[in-house]
Amino acid sequence: MIEPHYPHIILSFTYRGCKIEIDCDEENGQCIYAAWVNYDRGCAVAVPKAVTTRDAIRKAKKWSDKKFC
């Protein structure tokens, strides 16, 4: 049986009317980060993999700007 993956949200903030959540996980002994963008019609994984929280935030903001502006 496959073990479910539960997000480990370490940071959450609002950006341009969306809620961005940064998730931390481990892959091959290294911390990796993902960014979820929650908006009025649903949610999306804007950044599936980033090496740092700063990189995940930057990419999530860029994704939001592209999708909603």
# chains A, B, ... in the order shown; residues from 1 in each chain; ligands from 1
$ select_by_dssp --residues "chain A" --states "helix (DSSP H, G or I)" --output "NGL selection string"
:A and (53-68)
$ residues_around --residues "stretch 10-13 of chain A" --least-positions-apart "3" --cutoff "6 Å" --atoms "only C-alpha atoms" --output "mmCIF file with C-alpha atoms, in the first residue's frame"
data_model
loop_
_atom_site.group_PDB
_atom_site.id
_atom_site.type_symbol
_atom_site.label_atom_id
_atom_site.label_comp_id
_atom_site.auth_asym_id
_atom_site.auth_seq_id
_atom_site.Cartn_x
_atom_site.Cartn_y
_atom_site.Cartn_z
ATOM 1 C CA LYS A 19 -2.569 32.416 -0.639
ATOM 2 C CA ILE A 20 0.883 30.968 -1.287
ATOM 3 C CA GLU A 21 2.028 28.069 0.874
ATOM 4 C CA ILE A 22 5.592 26.760 0.971
ATOM 5 C CA ASP A 23 5.916 23.043 1.626
#
$ closest_residue --among "A:Cys18, A:Arg54, A:Ile2, A:Lys59" --to "A:Tyr39" --atoms "only C-alpha atoms"
A:Cys18
$ residues_around --residues "A:Asp65" --least-positions-apart "5" --cutoff "10 Å" --atoms "only C-alpha atoms" --output "ChimeraX atom specification"
/A:15-16,59-60
$ atom_distance --atom1 "atom CA of A:His8" --atom2 "atom CA of A:Asp40"
22.1 Å
$ atom_distance --atom1 "atom CA of A:Ser64" --atom2 "atom CA of A:Asn28"
29.2 Å
$ closest_residue --among "A:Tyr33, A:Pro4, A:Glu26, A:Thr14" --to "A:Ala50" --atoms "only C-alpha atoms"
A:Tyr33
$ residues_around --residues "A:Lys62" --least-positions-apart "6" --cutoff "12 Å" --atoms "only C-alpha atoms" --output "PyMOL selection string"
chain A and resi 15-16+20+35+37+46-47+55-56+68-69
$ write_last_selection --atoms "N, CA, C and O atoms" --output "PDB file, in the first residue's frame"
ATOM      1  N   TYR A  15      -0.461  36.930  -1.587  1.00  0.00           N
ATOM      2  CA  TYR A  15       0.179  37.673  -2.659  1.00  0.00           C
ATOM      3  C   TYR A  15      -0.838  37.870  -3.775  1.00  0.00           C
ATOM      4  O   TYR A  15      -1.345  36.890  -4.329  1.00  0.00           O
ATOM      5  N   ARG A  16      -1.159  39.109  -4.073  1.00  0.00           N
ATOM      6  CA  ARG A  16      -2.105  39.461  -5.145  1.00  0.00           C
ATOM      7  C   ARG A  16      -3.424  38.707  -5.049  1.00  0.00           C
ATOM      8  O   ARG A  16      -3.951  38.199  -6.036  1.00  0.00           O
ATOM      9  N   ILE A  20      -0.248  31.804  -0.877  1.00  0.00           N
ATOM     10  CA  ILE A  20       0.883  30.968  -1.287  1.00  0.00           C
ATOM     11  C   ILE A  20       1.392  30.218  -0.059  1.00  0.00           C
ATOM     12  O   ILE A  20       1.610  30.819   0.999  1.00  0.00           O
ATOM     13  N   ALA A  35       5.809  25.050  -3.827  1.00  0.00           N
ATOM     14  CA  ALA A  35       4.910  26.166  -3.545  1.00  0.00           C
ATOM     15  C   ALA A  35       3.531  25.873  -4.117  1.00  0.00           C
ATOM     16  O   ALA A  35       3.393  25.561  -5.298  1.00  0.00           O
ATOM     17  N   VAL A  37      -0.300  27.449  -4.727  1.00  0.00           N
ATOM     18  CA  VAL A  37      -1.014  28.711  -4.839  1.00  0.00           C
ATOM     19  C   VAL A  37      -2.507  28.401  -4.745  1.00  0.00           C
ATOM     20  O   VAL A  37      -3.046  27.653  -5.561  1.00  0.00           O
ATOM     21  N   ALA A  46       2.415  25.514  -8.026  1.00  0.00           N
ATOM     22  CA  ALA A  46       3.090  26.465  -8.908  1.00  0.00           C
ATOM     23  C   ALA A  46       4.565  26.117  -9.075  1.00  0.00           C
ATOM     24  O   ALA A  46       5.144  26.327 -10.127  1.00  0.00           O
ATOM     25  N   VAL A  47       5.155  25.612  -8.009  1.00  0.00           N
ATOM     26  CA  VAL A  47       6.580  25.256  -8.026  1.00  0.00           C
ATOM     27  C   VAL A  47       6.702  23.839  -7.455  1.00  0.00           C
ATOM     28  O   VAL A  47       6.592  23.655  -6.246  1.00  0.00           O
ATOM     29  N   ASP A  55      13.917  30.653  -3.347  1.00  0.00           N
ATOM     30  CA  ASP A  55      13.692  30.291  -4.741  1.00  0.00           C
ATOM     31  C   ASP A  55      12.229  29.885  -4.964  1.00  0.00           C
ATOM     32  O   ASP A  55      11.609  30.259  -5.960  1.00  0.00           O
ATOM     33  N   ALA A  56      11.668  29.123  -4.042  1.00  0.00           N
ATOM     34  CA  ALA A  56      10.262  28.708  -4.147  1.00  0.00           C
ATOM     35  C   ALA A  56       9.334  29.924  -4.122  1.00  0.00           C
ATOM     36  O   ALA A  56       8.389  30.005  -4.909  1.00  0.00           O
ATOM     37  N   PHE A  68      -2.305  35.535 -13.329  1.00  0.00           N
ATOM     38  CA  PHE A  68      -3.379  36.414 -12.881  1.00  0.00           C
ATOM     39  C   PHE A  68      -3.227  37.862 -13.292  1.00  0.00           C
ATOM     40  O   PHE A  68      -4.038  38.694 -12.930  1.00  0.00           O
ATOM     41  N   CYS A  69      -2.202  38.209 -14.042  1.00  0.00           N
ATOM     42  CA  CYS A  69      -2.040  39.608 -14.475  1.00  0.00           C
ATOM     43  C   CYS A  69      -2.144  39.735 -15.970  1.00  0.00           C
ATOM     44  O   CYS A  69      -1.996  38.883 -16.728  1.00  0.00           O
TER      45      CYS A  69
END
$ select_by_dssp --residues "chain A" --states "strand (DSSP E or B)" --output "number ranges by chain"
A: 9-15, 18-27, 30-39, 42-50
$ atom_distance --atom1 "atom CA of A:Arg58" --atom2 "atom CA of A:Asp25"
18.1 Å
$ closest_residue --among "A:Glu3, A:Gly42, A:Lys61, A:Thr52" --to "A:Cys24" --atoms "only C-alpha atoms"
A:Thr52
